[in-house]
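*Asks:* PDB, C-alpha atoms, pLDDT in the B column, file upload-v3.pdb:
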ATOM      1  CA  MET A   1       2.038   2.709  -0.039  1.00 90.00           C
ATOM      2  CA  ASP A   2       3.499  -0.670   0.936  1.00 92.00           C
ATOM      3  CA  LYS A   3       5.249  -0.887   4.280  1.00 95.00           C
ATOM      4  CA  PHE A   4       9.024  -1.247   4.325  1.00 97.00           C
ATOM      5  CA  THR A   5      10.279  -3.314   7.244  1.00 97.00           C
ATOM      6  CA  THR A   6      12.901  -5.896   6.286  1.00 98.00           C
ATOM      7  CA  LEU A   7      14.006  -6.637   2.731  1.00 98.00           C
ATOM      8  CA  THR A   8      16.168  -9.572   1.685  1.00 98.00           C
ATOM      9  CA  GLY A   9      16.863  -9.612  -2.014  1.00 97.00           C
ATOM     10  CA  ILE A  10      19.196  -9.461  -4.955  1.00 98.00           C
ATOM     11  CA  ALA A  11      21.314  -6.325  -5.152  1.00 98.00           C
ATOM     12  CA  ALA A  12      22.331  -5.000  -8.566  1.00 98.00           C
ATOM     13  CA  PRO A  13      25.660  -3.152  -8.834  1.00 98.00           C
ATOM     14  CA  LEU A  14      25.579   0.134 -10.774  1.00 98.00           C
ATOM     15  CA  PRO A  15      28.998   1.728 -10.177  1.00 97.00           C
ATOM     16  CA  MET A  16      28.205   5.000 -11.932  1.00 97.00           C
ATOM     17  CA  MET A  17      28.466   8.477 -10.450  1.00 97.00           C
ATOM     18  CA  ASN A  18      25.975  11.277 -11.155  1.00 98.00           C
ATOM     19  CA  VAL A  19      23.149   9.066 -12.406  1.00 98.00           C
ATOM     20  CA  ASP A  20      20.528  11.714 -13.089  1.00 97.00           C
ATOM     21  CA  THR A  21      16.761  11.427 -13.251  1.00 97.00           C
ATOM     22  CA  ASP A  22      16.750  11.624 -17.053  1.00 96.00           C
ATOM     23  CA  MET A  23      18.921   8.505 -17.115  1.00 97.00           C
ATOM     24  CA  ILE A  24      16.586   6.806 -14.626  1.00 98.00           C
ATOM     25  CA  ILE A  25      13.468   7.644 -16.653  1.00 97.00           C
ATOM     26  CA  PRO A  26      13.984   9.641 -19.892  1.00 95.00           C
ATOM     27  CA  LYS A  27      11.814  12.684 -20.541  1.00 92.00           C
ATOM     28  CA  GLN A  28       9.698  11.073 -23.285  1.00 92.00           C
ATOM     29  CA  PHE A  29       8.086   8.827 -20.665  1.00 92.00           C
ATOM     30  CA  LEU A  30       6.883  11.652 -18.426  1.00 89.00           C
ATOM     31  CA  LYS A  31       3.502  12.005 -20.117  1.00 85.00           C
ATOM     32  CA  THR A  32       1.709   9.878 -17.527  1.00 83.00           C
ATOM     33  CA  ILE A  33       0.633  10.810 -14.010  1.00 80.00           C
ATOM     34  CA  LYS A  34       0.167   7.143 -13.086  1.00 80.00           C
ATOM     35  CA  ARG A  35       2.713   5.513 -10.799  1.00 80.00           C
ATOM     36  CA  SER A  36       2.491   2.192 -12.598  1.00 86.00           C
ATOM     37  CA  GLY A  37       3.816   1.089 -15.975  1.00 91.00           C
ATOM     38  CA  LEU A  38       7.115   2.987 -15.889  1.00 95.00           C
ATOM     39  CA  GLY A  39       9.278   0.053 -14.840  1.00 96.00           C
ATOM     40  CA  LYS A  40       9.631  -1.169 -18.413  1.00 95.00           C
ATOM     41  CA  ASN A  41      11.281   2.159 -19.294  1.00 96.00           C
ATOM     42  CA  LEU A  42      13.614   2.338 -16.292  1.00 97.00           C
ATOM     43  CA  PHE A  43      17.126   3.263 -17.518  1.00 98.00           C
ATOM     44  CA  ASP A  44      15.650   3.025 -21.022  1.00 97.00           C
ATOM     45  CA  GLU A  45      18.587   4.507 -22.922  1.00 96.00           C
ATOM     46  CA  MET A  46      21.034   2.225 -21.120  1.00 97.00           C
ATOM     47  CA  ARG A  47      18.866  -0.913 -21.257  1.00 97.00           C
ATOM     48  CA  PHE A  48      17.793  -0.758 -24.918  1.00 97.00           C
ATOM     49  CA  ASP A  49      19.347   0.139 -28.259  1.00 96.00           C
ATOM     50  CA  ASP A  50      17.683   2.350 -30.885  1.00 93.00           C
ATOM     51  CA  ASP A  51      15.705  -0.642 -32.201  1.00 95.00           C
ATOM     52  CA  GLY A  52      14.343  -1.512 -28.770  1.00 93.00           C
ATOM     53  CA  ARG A  53      16.566  -4.548 -28.289  1.00 97.00           C
ATOM     54  CA  GLU A  54      18.044  -5.194 -24.867  1.00 97.00           C
ATOM     55  CA  ILE A  55      21.685  -4.274 -24.369  1.00 97.00           C
ATOM     56  CA  ASP A  56      23.098  -7.428 -22.807  1.00 96.00           C
ATOM     57  CA  SER A  57      25.893  -5.648 -20.945  1.00 96.00           C
ATOM     58  CA  PHE A  58      23.569  -3.468 -18.849  1.00 98.00           C
ATOM     59  CA  VAL A  59      23.278  -4.865 -15.341  1.00 98.00           C
ATOM     60  CA  LEU A  60      19.474  -5.088 -15.112  1.00 97.00           C
ATOM     61  CA  ASN A  61      19.360  -7.022 -18.403  1.00 97.00           C
ATOM     62  CA  LYS A  62      21.640  -9.728 -17.038  1.00 97.00           C
ATOM     63  CA  PRO A  63      19.757 -12.860 -15.884  1.00 96.00           C
ATOM     64  CA  ALA A  64      21.218 -12.638 -12.370  1.00 97.00           C
ATOM     65  CA  TYR A  65      19.785  -9.161 -11.775  1.00 97.00           C
ATOM     66  CA  ARG A  66      16.401  -9.147 -13.519  1.00 96.00           C
ATOM     67  CA  ASP A  67      14.670  -9.575 -10.168  1.00 96.00           C
ATOM     68  CA  ALA A  68      16.856  -7.144  -8.237  1.00 97.00           C
ATOM     69  CA  GLU A  69      15.152  -5.290  -5.388  1.00 98.00           C
ATOM     70  CA  ILE A  70      18.208  -3.381  -4.184  1.00 98.00           C
ATOM     71  CA  LEU A  71      20.412  -1.078  -6.245  1.00 98.00           C
ATOM     72  CA  VAL A  72      23.969  -0.247  -5.150  1.00 98.00           C
ATOM     73  CA  ALA A  73      25.044   2.886  -6.999  1.00 98.00           C
ATOM     74  CA  GLY A  74      27.662   5.627  -7.214  1.00 98.00           C
ATOM     75  CA  ASP A  75      27.852   9.072  -5.693  1.00 98.00           C
ATOM     76  CA  ASN A  76      25.197  11.769  -6.298  1.00 98.00           C
ATOM     77  CA  PHE A  77      22.469   9.360  -7.392  1.00 98.00           C
ATOM     78  CA  GLY A  78      19.228  10.957  -8.616  1.00 98.00           C
ATOM     79  CA  CYS A  79      20.672  14.347  -9.549  1.00 97.00           C
ATOM     80  CA  GLY A  80      19.151  16.499 -12.277  1.00 93.00           C
ATOM     81  CA  SER A  81      15.488  17.436 -12.581  1.00 90.00           C
ATOM     82  CA  SER A  82      13.043  16.851  -9.745  1.00 87.00           C
ATOM     83  CA  ARG A  83      10.756  14.430 -11.601  1.00 90.00           C
ATOM     84  CA  GLU A  84       8.880  12.130  -9.228  1.00 93.00           C
ATOM     85  CA  HIS A  85       8.642   9.653 -12.104  1.00 96.00           C
ATOM     86  CA  ALA A  86      12.186   8.514 -11.229  1.00 97.00           C
ATOM     87  CA  PRO A  87      11.240   6.749  -7.975  1.00 97.00           C
ATOM     88  CA  TRP A  88       7.982   5.630  -9.615  1.00 97.00           C
ATOM     89  CA  ALA A  89       9.982   3.843 -12.329  1.00 97.00           C
ATOM     90  CA  LEU A  90      12.374   2.254  -9.836  1.00 98.00           C
ATOM     91  CA  LEU A  91       9.522   1.006  -7.673  1.00 97.00           C
ATOM     92  CA  ASP A  92       7.515  -0.281 -10.632  1.00 97.00           C
ATOM     93  CA  PHE A  93      10.560  -2.262 -11.773  1.00 98.00           C
ATOM     94  CA  GLY A  94      10.832  -3.769  -8.306  1.00 98.00           C
ATOM     95  CA  ILE A  95      13.582  -1.702  -6.670  1.00 98.00           C
ATOM     96  CA  ARG A  96      12.710  -1.011  -3.012  1.00 98.00           C
ATOM     97  CA  CYS A  97      16.088   0.230  -1.782  1.00 98.00           C
ATOM     98  CA  VAL A  98      18.923   2.281  -3.295  1.00 98.00           C
ATOM     99  CA  ILE A  99      22.305   2.444  -1.572  1.00 98.00           C
ATOM    100  CA  ALA A 100      24.838   5.119  -2.561  1.00 98.00           C
ATOM    101  CA  PRO A 101      27.409   7.463  -0.993  1.00 98.00           C
ATOM    102  CA  SER A 102      25.089  10.431  -1.587  1.00 98.00           C
ATOM    103  CA  PHE A 103      21.818  11.423  -3.238  1.00 98.00           C
ATOM    104  CA  ALA A 104      20.309  14.547  -4.746  1.00 97.00           C
ATOM    105  CA  ASP A 105      18.015  16.043  -2.097  1.00 97.00           C
ATOM    106  CA  ILE A 106      14.751  16.118  -4.054  1.00 97.00           C
ATOM    107  CA  PHE A 107      15.165  12.562  -5.346  1.00 97.00           C
ATOM    108  CA  PHE A 108      16.111  11.418  -1.827  1.00 98.00           C
ATOM    109  CA  ASN A 109      12.898  12.835  -0.354  1.00 96.00           C
ATOM    110  CA  ASN A 110      10.753  11.587  -3.246  1.00 96.00           C
ATOM    111  CA  CYS A 111      11.970   8.048  -2.553  1.00 97.00           C
ATOM    112  CA  PHE A 112      10.598   8.098   0.986  1.00 97.00           C
ATOM    113  CA  LYS A 113       7.262   9.446  -0.237  1.00 95.00           C
ATOM    114  CA  ASN A 114       6.938   6.537  -2.662  1.00 95.00           C
ATOM    115  CA  GLY A 115       7.983   3.571  -0.533  1.00 96.00           C
ATOM    116  CA  ILE A 116      11.665   3.368  -1.496  1.00 98.00           C
ATOM    117  CA  LEU A 117      14.403   3.439   1.136  1.00 98.00           C
ATOM    118  CA  PRO A 118      17.472   5.461   0.045  1.00 98.00           C
ATOM    119  CA  ILE A 119      20.519   4.684   2.177  1.00 98.00           C
ATOM    120  CA  ALA A 120      23.589   6.918   2.215  1.00 98.00           C
ATOM    121  CA  LEU A 121      26.770   5.212   3.408  1.00 98.00           C
ATOM    122  CA  PRO A 122      30.475   6.092   3.327  1.00 98.00           C
ATOM    123  CA  GLN A 123      32.231   5.274   0.052  1.00 98.00           C
ATOM    124  CA  GLU A 124      34.267   2.410   1.516  1.00 98.00           C
ATOM    125  CA  GLN A 125      31.090   0.710   2.775  1.00 98.00           C
ATOM    126  CA  VAL A 126      29.350   1.204  -0.557  1.00 98.00           C
ATOM    127  CA  ASP A 127      32.424  -0.315  -2.226  1.00 98.00           C
ATOM    128  CA  ALA A 128      32.098  -3.392  -0.012  1.00 98.00           C
ATOM    129  CA  LEU A 129      28.396  -3.695  -0.832  1.00 98.00           C
ATOM    130  CA  MET A 130      29.151  -3.195  -4.530  1.00 98.00           C
ATOM    131  CA  LYS A 131      31.612  -6.069  -4.414  1.00 97.00           C
ATOM    132  CA  ASP A 132      29.028  -8.251  -2.662  1.00 98.00           C
ATOM    133  CA  ALA A 133      26.383  -7.343  -5.267  1.00 98.00           C
ATOM    134  CA  GLU A 134      28.758  -8.355  -8.054  1.00 97.00           C
ATOM    135  CA  LYS A 135      28.523 -11.963  -6.842  1.00 96.00           C
ATOM    136  CA  GLY A 136      25.146 -12.280  -8.572  1.00 94.00           C
ATOM    137  CA  ALA A 137      21.766 -13.733  -7.685  1.00 90.00           C
ATOM    138  CA  ASN A 138      23.090 -16.140  -5.050  1.00 87.00           C
ATOM    139  CA  ALA A 139      24.389 -13.259  -2.924  1.00 88.00           C
ATOM    140  CA  ARG A 140      21.407 -11.686  -1.198  1.00 96.00           C
ATOM    141  CA  MET A 141      21.570  -8.624   1.012  1.00 98.00           C
ATOM    142  CA  THR A 142      19.270  -7.883   3.907  1.00 98.00           C
ATOM    143  CA  VAL A 143      18.097  -4.361   4.715  1.00 98.00           C
ATOM    144  CA  ASP A 144      16.479  -3.994   8.136  1.00 98.00           C
ATOM    145  CA  LEU A 145      14.853  -0.593   8.528  1.00 98.00           C
ATOM    146  CA  GLU A 146      13.889  -1.064  12.177  1.00 98.00           C
ATOM    147  CA  ALA A 147      17.476  -1.975  13.134  1.00 98.00           C
ATOM    148  CA  GLN A 148      18.902   0.420  10.492  1.00 98.00           C
ATOM    149  CA  THR A 149      21.344  -2.140   9.154  1.00 98.00           C
ATOM    150  CA  VAL A 150      22.459  -3.586   5.823  1.00 98.00           C
ATOM    151  CA  THR A 151      23.855  -7.124   5.956  1.00 98.00           C
ATOM    152  CA  THR A 152      25.903  -8.622   3.132  1.00 98.00           C
ATOM    153  CA  SER A 153      25.609 -12.185   1.907  1.00 97.00           C
ATOM    154  CA  ASP A 154      28.685 -12.991   4.045  1.00 96.00           C
ATOM    155  CA  GLY A 155      27.164 -11.541   7.202  1.00 97.00           C
ATOM    156  CA  GLU A 156      29.030  -8.232   7.311  1.00 98.00           C
ATOM    157  CA  VAL A 157      26.801  -5.588   8.869  1.00 98.00           C
ATOM    158  CA  PHE A 158      26.720  -1.849   8.139  1.00 98.00           C
ATOM    159  CA  SER A 159      24.603   0.619  10.102  1.00 98.00           C
ATOM    160  CA  PHE A 160      22.891   3.573   8.481  1.00 98.00           C
ATOM    161  CA  LYS A 161      21.151   6.717   9.672  1.00 98.00           C
ATOM    162  CA  VAL A 162      17.602   7.665   8.766  1.00 98.00           C
ATOM    163  CA  ASP A 163      15.323  10.502   9.838  1.00 97.00           C
ATOM    164  CA  SER A 164      12.934   9.223  12.530  1.00 97.00           C
ATOM    165  CA  PHE A 165       9.815  10.665  10.878  1.00 96.00           C
ATOM    166  CA  LYS A 166      10.708   9.244   7.456  1.00 97.00           C
ATOM    167  CA  LYS A 167      11.451   5.899   9.116  1.00 98.00           C
ATOM    168  CA  HIS A 168       8.044   5.940  10.817  1.00 96.00           C
ATOM    169  CA  CYS A 169       6.308   6.649   7.508  1.00 96.00           C
ATOM    170  CA  LEU A 170       8.097   3.828   5.669  1.00 97.00           C
ATOM    171  CA  LEU A 171       7.586   1.290   8.455  1.00 97.00           C
ATOM    172  CA  ASN A 172       3.867   2.059   8.468  1.00 95.00           C
ATOM    173  CA  GLY A 173       3.368   2.575   4.726  1.00 94.00           C
ATOM    174  CA  LEU A 174       2.309   6.198   5.117  1.00 91.00           C
ATOM    175  CA  ASP A 175       2.537   8.562   2.170  1.00 80.00           C
ATOM    176  CA  ASP A 176       1.391  12.196   2.365  1.00 73.00           C
ATOM    177  CA  ILE A 177      -2.254  11.283   1.735  1.00 71.00           C
ATOM    178  CA  ALA A 178      -2.246   8.527   4.353  1.00 70.00           C
ATOM    179  CA  LEU A 179      -0.683  10.931   6.855  1.00 69.00           C
ATOM    180  CA  THR A 180      -3.519  13.371   6.213  1.00 70.00           C
ATOM    181  CA  PHE A 181      -6.121  10.637   6.720  1.00 65.00           C
ATOM    182  CA  GLU A 182      -4.630   9.953  10.162  1.00 66.00           C
ATOM    183  CA  LYS A 183      -5.900  13.428  11.119  1.00 68.00           C
ATOM    184  CA  VAL A 184      -9.415  13.030   9.679  1.00 69.00           C
ATOM    185  CA  ALA A 185     -11.132  13.210  13.080  1.00 74.00           C
ATOM    186  CA  ALA A 186      -9.314  16.417  13.997  1.00 73.00           C
ATOM    187  CA  ILE A 187     -10.019  17.923  10.572  1.00 76.00           C
ATOM    188  CA  ASP A 188     -13.732  17.064  10.821  1.00 69.00           C
ATOM    189  CA  ALA A 189     -13.917  18.572  14.311  1.00 73.00           C
ATOM    190  CA  PHE A 190     -12.229  21.769  13.149  1.00 78.00           C
ATOM    191  CA  GLU A 191     -14.527  22.094  10.138  1.00 78.00           C
ATOM    192  CA  GLY A 192     -17.586  21.529  12.328  1.00 73.00           C
ATOM    193  CA  THR A 193     -16.522  24.243  14.763  1.00 80.00           C
ATOM    194  CA  ALA A 194     -15.516  26.601  11.959  1.00 75.00           C
ATOM    195  CA  SER A 195     -18.816  26.200  10.119  1.00 78.00           C
ATOM    196  CA  GLN A 196     -20.764  27.047  13.282  1.00 79.00           C
ATOM    197  CA  ALA A 197     -18.604  30.081  14.000  1.00 82.00           C
ATOM    198  CA  ARG A 198     -18.657  31.278  10.383  1.00 83.00           C
ATOM    199  CA  PRO A 199     -21.749  29.851   8.677  1.00 80.00           C
ATOM    200  CA  TRP A 200     -21.322  32.280   5.783  1.00 78.00           C
ATOM    201  CA  VAL A 201     -18.059  30.634   4.675  1.00 70.00           C
TER     202      VAL A 201
END
Show me this structure written as structure tokens.
*Replies:*
Amino acid sequence: MDKFTTLTGIAAPLPMMNVDTDMIIPKQFLKTIKRSGLGKNLFDEMRFDDDGREIDSFVLNKPAYRDAEILVAGDNFGCGSSREHAPWALLDFGIRCVIAPSFADIFFNNCFKNGILPIALPQEQVDALMKDAEKGANARMTVDLEAQTVTTSDGEVFSFKVDSFKKHCLLNGLDDIALTFEKVAAIDAFEGTASQARPWV
């Protein structure tokens, strides 16, 4: 998993409440267990018409936001089913940070496990960031995980809270597997002792 330290990038405004995981990545794309390749289907039913043509009015199809790395969204983002494919699709598209007033719990935790930083802020602060994102590609936000701040293109700074363990994992690029590998020496020592004490196991 890539480390998340400081991100300066284009923020795409998505002022929709209750964006569920089926909207983020529709069910027909859940056949894979690979984390790559899902970005092209992110928000598929909002990005494309029935003939597969791009819908020009959708924010991520607009030239200014095609390279967005930050998504500013409405309340209760990531609700619905617990599919981990939702953060996979966001990350594969290039989104490394989602800012919203609130998130569904399972989606929120899945983001951290896949290298995405979800930031919950009060509605009035999200509104200010939404307005900044609406300026387009020339308005770049900066997200500093170490300092726990989001800075607008005009220099306005908002602080956010994050669990210290989740912060540590993101800063160091540690997913669940990498965390386990940090304990390899202790695991090997335990197995060695256990095999001597119980050779029949």
*Asks:* Assuming the chain letters and numbering stay as they are in my file, what does the PyMOL selection byres ((chain A and resi 174) around 12) actually select? List them as number ranges by chain.
*Replies:* A: 1-4, 112-116, 165-173, 175-182
*Asks:* For Phe160 in chain A, list every protein, DNA or RNA residue within 8 Å, evaluated using only C-alpha atoms, and leave out those in the same chain fewer than 3 positions away; present the list as an MDAnalysis selection string.
*Replies:* chainID A and resid 119:121 148:150
*Asks:* Quick one: which residues end up in the PyMOL selection byres ((chain A and resi 79-95) around 8) for this structure, as a ChimeraX atom specification?
*Replies:* /A:18-22,24-25,30,35-42,67-71,76-78,96-98,103-104,106-107,110-111,114-116
*Asks:* Write the residues of the preceding selection, restricted to C-alpha atoms, as a PDB file, in the coordinates of the input.
*Replies:*
ATOM      1  CA  ASN A  18      25.975  11.277 -11.155  1.00 98.00           C
ATOM      2  CA  VAL A  19      23.149   9.066 -12.406  1.00 98.00           C
ATOM      3  CA  ASP A  20      20.528  11.714 -13.089  1.00 97.00           C
ATOM      4  CA  THR A  21      16.761  11.427 -13.251  1.00 97.00           C
ATOM      5  CA  ASP A  22      16.750  11.624 -17.053  1.00 96.00           C
ATOM      6  CA  ILE A  24      16.586   6.806 -14.626  1.00 98.00           C
ATOM      7  CA  ILE A  25      13.468   7.644 -16.653  1.00 97.00           C
ATOM      8  CA  LEU A  30       6.883  11.652 -18.426  1.00 89.00           C
ATOM      9  CA  ARG A  35       2.713   5.513 -10.799  1.00 80.00           C
ATOM     10  CA  SER A  36       2.491   2.192 -12.598  1.00 86.00           C
ATOM     11  CA  GLY A  37       3.816   1.089 -15.975  1.00 91.00           C
ATOM     12  CA  LEU A  38       7.115   2.987 -15.889  1.00 95.00           C
ATOM     13  CA  GLY A  39       9.278   0.053 -14.840  1.00 96.00           C
ATOM     14  CA  LYS A  40       9.631  -1.169 -18.413  1.00 95.00           C
ATOM     15  CA  ASN A  41      11.281   2.159 -19.294  1.00 96.00           C
ATOM     16  CA  LEU A  42      13.614   2.338 -16.292  1.00 97.00           C
ATOM     17  CA  ASP A  67      14.670  -9.575 -10.168  1.00 96.00           C
ATOM     18  CA  ALA A  68      16.856  -7.144  -8.237  1.00 97.00           C
ATOM     19  CA  GLU A  69      15.152  -5.290  -5.388  1.00 98.00           C
ATOM     20  CA  ILE A  70      18.208  -3.381  -4.184  1.00 98.00           C
ATOM     21  CA  LEU A  71      20.412  -1.078  -6.245  1.00 98.00           C
ATOM     22  CA  ASN A  76      25.197  11.769  -6.298  1.00 98.00           C
ATOM     23  CA  PHE A  77      22.469   9.360  -7.392  1.00 98.00           C
ATOM     24  CA  GLY A  78      19.228  10.957  -8.616  1.00 98.00           C
ATOM     25  CA  ARG A  96      12.710  -1.011  -3.012  1.00 98.00           C
ATOM     26  CA  CYS A  97      16.088   0.230  -1.782  1.00 98.00           C
ATOM     27  CA  VAL A  98      18.923   2.281  -3.295  1.00 98.00           C
ATOM     28  CA  PHE A 103      21.818  11.423  -3.238  1.00 98.00           C
ATOM     29  CA  ALA A 104      20.309  14.547  -4.746  1.00 97.00           C
ATOM     30  CA  ILE A 106      14.751  16.118  -4.054  1.00 97.00           C
ATOM     31  CA  PHE A 107      15.165  12.562  -5.346  1.00 97.00           C
ATOM     32  CA  ASN A 110      10.753  11.587  -3.246  1.00 96.00           C
ATOM     33  CA  CYS A 111      11.970   8.048  -2.553  1.00 97.00           C
ATOM     34  CA  ASN A 114       6.938   6.537  -2.662  1.00 95.00           C
ATOM     35  CA  GLY A 115       7.983   3.571  -0.533  1.00 96.00           C
ATOM     36  CA  ILE A 116      11.665   3.368  -1.496  1.00 98.00           C
TER      37      ILE A 116
END
*Asks:* What would the selection look like, as a PyMOL selection string, if the PyMOL selection byres ((chain A and resi 147) around 12) were run on the coordinates I just shared?
*Replies:* chain A and resi 5-7+142-146+148-151+157-162+167+171
*Asks:* Work out how far apart CA of Arg47 in chain A and CA of Lys62 in chain A are and give it in Å to one decimal.
*Replies:*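 Interatomic distance, CA of Arg47 in chain A to CA of Lys62 in chain A: 10.2 Å.
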*Asks:* Report the distance between CA of Ala12 in chain A and CA of Ala128 in chain A in Å, rounded to one decimal place.
*Replies:* 13.1 Å
*Asks:* Expressed in Å to a single decimal, how great is the separation between CA of Met130 in chain A and CA of Pro15 in chain A?
*Replies:*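 Pair CA of Met130 in chain A / CA of Pro15 in chain A returns 7.5 Å.
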*Asks:* Using all atoms listed in the file, pick whichever of A:Phe43, A:Tyr65, A:Phe58, A:Phe48 has the shortest atom-to-atom distance to Gly9 in chain A.
*Replies:*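 Comparing A:Phe43, A:Tyr65, A:Phe58, A:Phe48 against Gly9 in chain A, the winner is A:Tyr65.
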